[in-house]
Amino acid sequence: MGLVRKDSRMIIDMKIKLFCISMFLCACSFVICAQTITVKMASVAPARSAWDTEQKALAQEWSRITGGQVELKFYTASALGGEGGVIRKMKALRPGQKSPIDGAVFTNIGVYELTPASHALTLTVPFLFRNQDELSYVLDAMSPEIEKAIKDAGFEFLGWFNVGWANFFTKTEIRTPDELKKAKMGFSGISSPGLMAAFKSAGFTMEDVPGEKMLQSIKSTNGIKVAYCIPMYAYATTYYTGLPYIIDVPLNPIMSAFIVSSDTWKAIPDAYKAQLKQAVRNAQGKFISVQQKSDREYLDKMRTEGCTLVKLSAAEIKLWEDSFKKDAEKMANTPDSVINGPFYKKMSSLLEQYRKTHAR
């Protein structure tokens with residue numbers, strides 16, 4: 001009888017121990033699941049700009065959606081060696097190691113350098129798009145192809161942001177493409193030997209000047225006579241003081257893409273992913289509105305500080321469009337060009353269809 005009671009107590013004790021172990025494992029599992037996932041993002045957004053403000057708002061939204069479980073933390077790309085430095089930091093130093101940076105908000109140049117198969121630089125051909133509606137239409141149609149290329153490279157594409165439309169800033173008044181080609185031009189704040197080579201192939205006079213020496217070159221007698229950048233950047237860097245003429249036609253959108261590594265995206269609970277993607281799309285819509293207002297405000301600021309906005313007639317704009325269409329074909333036919341011919345033709349065909357159905 002005593003033996004039976006002893007066995008019963010042993011069974012009860014064992015059940016209690018198993019229950020406690022089970023509860024302990026559940027608690028551990030809960031703690032692991034509840035750990036904060038910090039997504040380290042590099043961004044080319046200038047500090048305290050409207051772009052930077054929208055990024056911070058997006059970080060707050062991700063935190064709200066996930067109850068604080070996913071934290072977006074932004075770092076300035078320039079402090080990490082620019083877009084090239086960021087790309088290196090998005091790749092693990094050794095197999096099995098976590099990369100120092102989980103993702104980035106890249107310009108077209110950064111997207112292309114990360115994954116050339118995305119053909120992201122083909123979006124930068126001047127005078128290809130006339131407005132945001134045309135851009136949105138083409139991106140809706142072409143994004144699956146771009147996203148696949150990014151995914152194949154080991155990254156997840158979450159959305160586009162339009163950070164501004166570039167203008168030509170010139171030393172003297174320029175009204176024709178031929179005049180522009182004779183003037184020494186630099187890409188301000190960016191480094192893309194491939195894009196520079198593409199422009200050279202179309203007859204432009206290019207000067208490869210590091211971003212930190214750009215202003216010095218602009219002020220030099222024998223330096224840069226044309227800069228190609230968005231109004232916000234031209235104002236922030238004071239390039240406009242040495243290049244006081246601005247061709248008042250939006251040339252092309254300077255896009256930025258929100259990209260994270262596939263491993264980082266997989267670590268985020270599936271239950272949140274649809275909402276997080278939607279939050280990026282919502283931010284994209286807000287940003288377009290902010291960007292359009294920002295471009296005009298900076299152009300007006302520069303005008304009030306002495307710049308001349310060069311207004312082109314409809315006939316002159318047509319001349320520029322036709323000229324750059326021929327130039328794009330030359331760029332695309334250059335060996336190893338960053339401007340992809342088939343991709344450019346697809347976009348041109350889509351735009352032709354769009355303009356026929358939206359002709360006024």
# chains A, B, ... in the order shown; residues from 1 in each chain; ligands from 1
>>> residues_around(residues="region 81-91 of chain A", least_positions_apart="5", cutoff="8 Å", atoms="only C-alpha atoms", output="list in words")
Ala42, Val44, Ser99, Pro100, Ile101, Asp102, Gly103, Ala104, Phe106, Gly110, Glu113, Leu114 and Ser261 of chain A
>>> residues_around(residues="Leu195 (chain A)", least_positions_apart="4", cutoff="8 Å", atoms="only C-alpha atoms", output="PyMOL selection string")
chain A and resi 121+199+337-339
>>> atom_distance(atom1="CA of Asp336 (chain A)", atom2="CA of Ala153 (chain A)")
19.3 Å
>>> atom_distance(atom1="CA of Gly186 (chain A)", atom2="CA of Cys307 (chain A)")
19.2 Å
>>> select_by_dssp(residues="region 122-231 of chain A", states="strand (DSSP E)", output="VMD selection string")
chain A and resid 155 to 165 167 to 170 184 to 187 205 to 206 226 to 229
>>> residues_around(residues="Ala59 (chain A)", least_positions_apart="6", cutoff="8 Å", atoms="only C-alpha atoms", output="number ranges by chain")
A: 71-73
>>> write_last_selection(atoms="all heavy atoms", output="tab-separated table (two decimals), in the first residue's frame")
chain	number	residue	atom	x	y	z
A	71	GLU	N	11.29	47.94	-35.25
A	71	GLU	CA	11.81	49.31	-35.13
A	71	GLU	C	12.65	49.66	-36.35
A	71	GLU	O	13.63	48.97	-36.66
A	71	GLU	CB	12.65	49.45	-33.86
A	71	GLU	CG	13.28	50.82	-33.68
A	71	GLU	CD	14.22	50.86	-32.48
A	71	GLU	OE1	15.13	50.00	-32.43
A	71	GLU	OE2	14.04	51.73	-31.61
A	72	LEU	N	12.25	50.71	-37.07
A	72	LEU	CA	13.05	51.21	-38.18
A	72	LEU	C	14.04	52.23	-37.64
A	72	LEU	O	13.64	53.20	-36.98
A	72	LEU	CB	12.16	51.90	-39.21
A	72	LEU	CG	11.49	51.05	-40.31
A	72	LEU	CD1	10.62	51.96	-41.18
A	72	LEU	CD2	12.51	50.34	-41.15
A	73	LYS	N	15.31	52.03	-37.92
A	73	LYS	CA	16.33	52.97	-37.45
A	73	LYS	C	17.12	53.45	-38.66
A	73	LYS	O	17.73	52.65	-39.37
A	73	LYS	CB	17.25	52.30	-36.44
A	73	LYS	CG	18.15	53.27	-35.70
A	73	LYS	CD	18.82	52.60	-34.53
A	73	LYS	CE	19.66	53.61	-33.74
A	73	LYS	NZ	20.32	52.98	-32.58
>>> residues_around(residues="region 161-174 of chain A", least_positions_apart="3", cutoff="6 Å", atoms="only C-alpha atoms", output="JSON, numbers by chain")
{"A": [225, 226, 227, 228, 229, 230, 243, 245, 246, 247, 250, 251, 252, 253, 254, 255, 256, 284, 291]}
>>> residues_around(residues="region 319-330 of chain A", least_positions_apart="6", cutoff="12 Å", atoms="only C-alpha atoms", output="JSON list (two decimals) with C-alpha atoms, in the first residue's frame")
[["chain", "number", "residue", "atom", "x", "y", "z"],
["A", 121, "LEU", "CA", 19.03, 54.03, -64.25],
["A", 122, "THR", "CA", 16.97, 53.80, -67.43],
["A", 123, "LEU", "CA", 14.28, 55.68, -65.47],
["A", 124, "THR", "CA", 16.60, 58.73, -65.35],
["A", 125, "VAL", "CA", 16.67, 59.59, -69.07],
["A", 126, "PRO", "CA", 15.76, 63.31, -69.27],
["A", 127, "PHE", "CA", 12.49, 64.28, -70.99],
["A", 128, "LEU", "CA", 11.20, 60.69, -70.92],
["A", 129, "PHE", "CA", 8.41, 61.50, -68.43],
["A", 130, "ARG", "CA", 6.40, 64.71, -68.45],
["A", 174, "ILE", "CA", 20.97, 77.88, -72.35],
["A", 175, "ARG", "CA", 17.92, 77.24, -74.51],
["A", 176, "THR", "CA", 18.90, 74.39, -76.85],
["A", 177, "PRO", "CA", 20.32, 70.86, -76.47],
["A", 178, "ASP", "CA", 23.29, 71.75, -78.70],
["A", 179, "GLU", "CA", 24.25, 74.60, -76.37],
["A", 180, "LEU", "CA", 23.98, 72.26, -73.41],
["A", 181, "LYS", "CA", 26.23, 69.62, -74.97],
["A", 195, "LEU", "CA", 25.82, 57.10, -66.27],
["A", 197, "ALA", "CA", 29.83, 57.31, -69.89],
["A", 198, "ALA", "CA", 26.28, 57.02, -71.26],
["A", 199, "PHE", "CA", 25.94, 60.81, -71.48],
["A", 200, "LYS", "CA", 29.36, 61.10, -73.13],
["A", 201, "SER", "CA", 28.29, 58.58, -75.76],
["A", 202, "ALA", "CA", 25.43, 60.93, -76.68],
["A", 203, "GLY", "CA", 27.80, 63.88, -77.18],
["A", 204, "PHE", "CA", 27.68, 65.60, -73.79],
["A", 247, "ILE", "CA", 15.91, 75.59, -67.16],
["A", 249, "VAL", "CA", 11.33, 72.22, -67.07],
["A", 250, "PRO", "CA", 11.27, 69.06, -64.89],
["A", 251, "LEU", "CA", 13.70, 66.73, -66.65],
["A", 252, "ASN", "CA", 13.22, 63.42, -64.92],
["A", 312, "LEU", "CA", 10.90, 77.30, -72.67],
["A", 313, "SER", "CA", 8.15, 77.54, -75.26],
["A", 337, "SER", "CA", 25.53, 50.89, -71.03],
["A", 338, "VAL", "CA", 23.57, 51.59, -67.85],
["A", 339, "ILE", "CA", 20.68, 52.63, -70.11],
["A", 340, "ASN", "CA", 18.98, 49.40, -71.17],
["A", 341, "GLY", "CA", 17.57, 49.48, -74.70],
["A", 342, "PRO", "CA", 14.73, 46.92, -74.37],
["A", 343, "PHE", "CA", 13.65, 48.40, -71.01],
["A", 344, "TYR", "CA", 13.65, 51.91, -72.50],
["A", 345, "LYS", "CA", 11.55, 50.74, -75.46],
["A", 348, "SER", "CA", 8.39, 54.45, -74.36]]
>>> residues_around(residues="Pro144 (chain A)", least_positions_apart="6", cutoff="12 Å", atoms="only C-alpha atoms", output="list in words")
Ser118, Val138, Ile150, Lys151, Glu156, Phe157, Leu158 and Gly159 of chain A
>>> select_by_dssp(residues="region 138-360 of chain A", states="helix (DSSP H, G or I)", output="number ranges by chain")
A: 138-152, 177-182, 193-201, 211-219, 231-236, 239-241, 262-267, 270-304, 314-332, 341-357
>>> closest_residue(among="A:Gly194, A:Arg48, A:Ile259, A:Thr76", to="Lys277 (chain A)", atoms="only C-alpha atoms")
A:Ile259
>>> closest_residue(among="A:Ala149, A:Glu305, A:Gln132, A:Ser43", to="Ala77 (chain A)", atoms="only C-alpha atoms")
A:Ser43
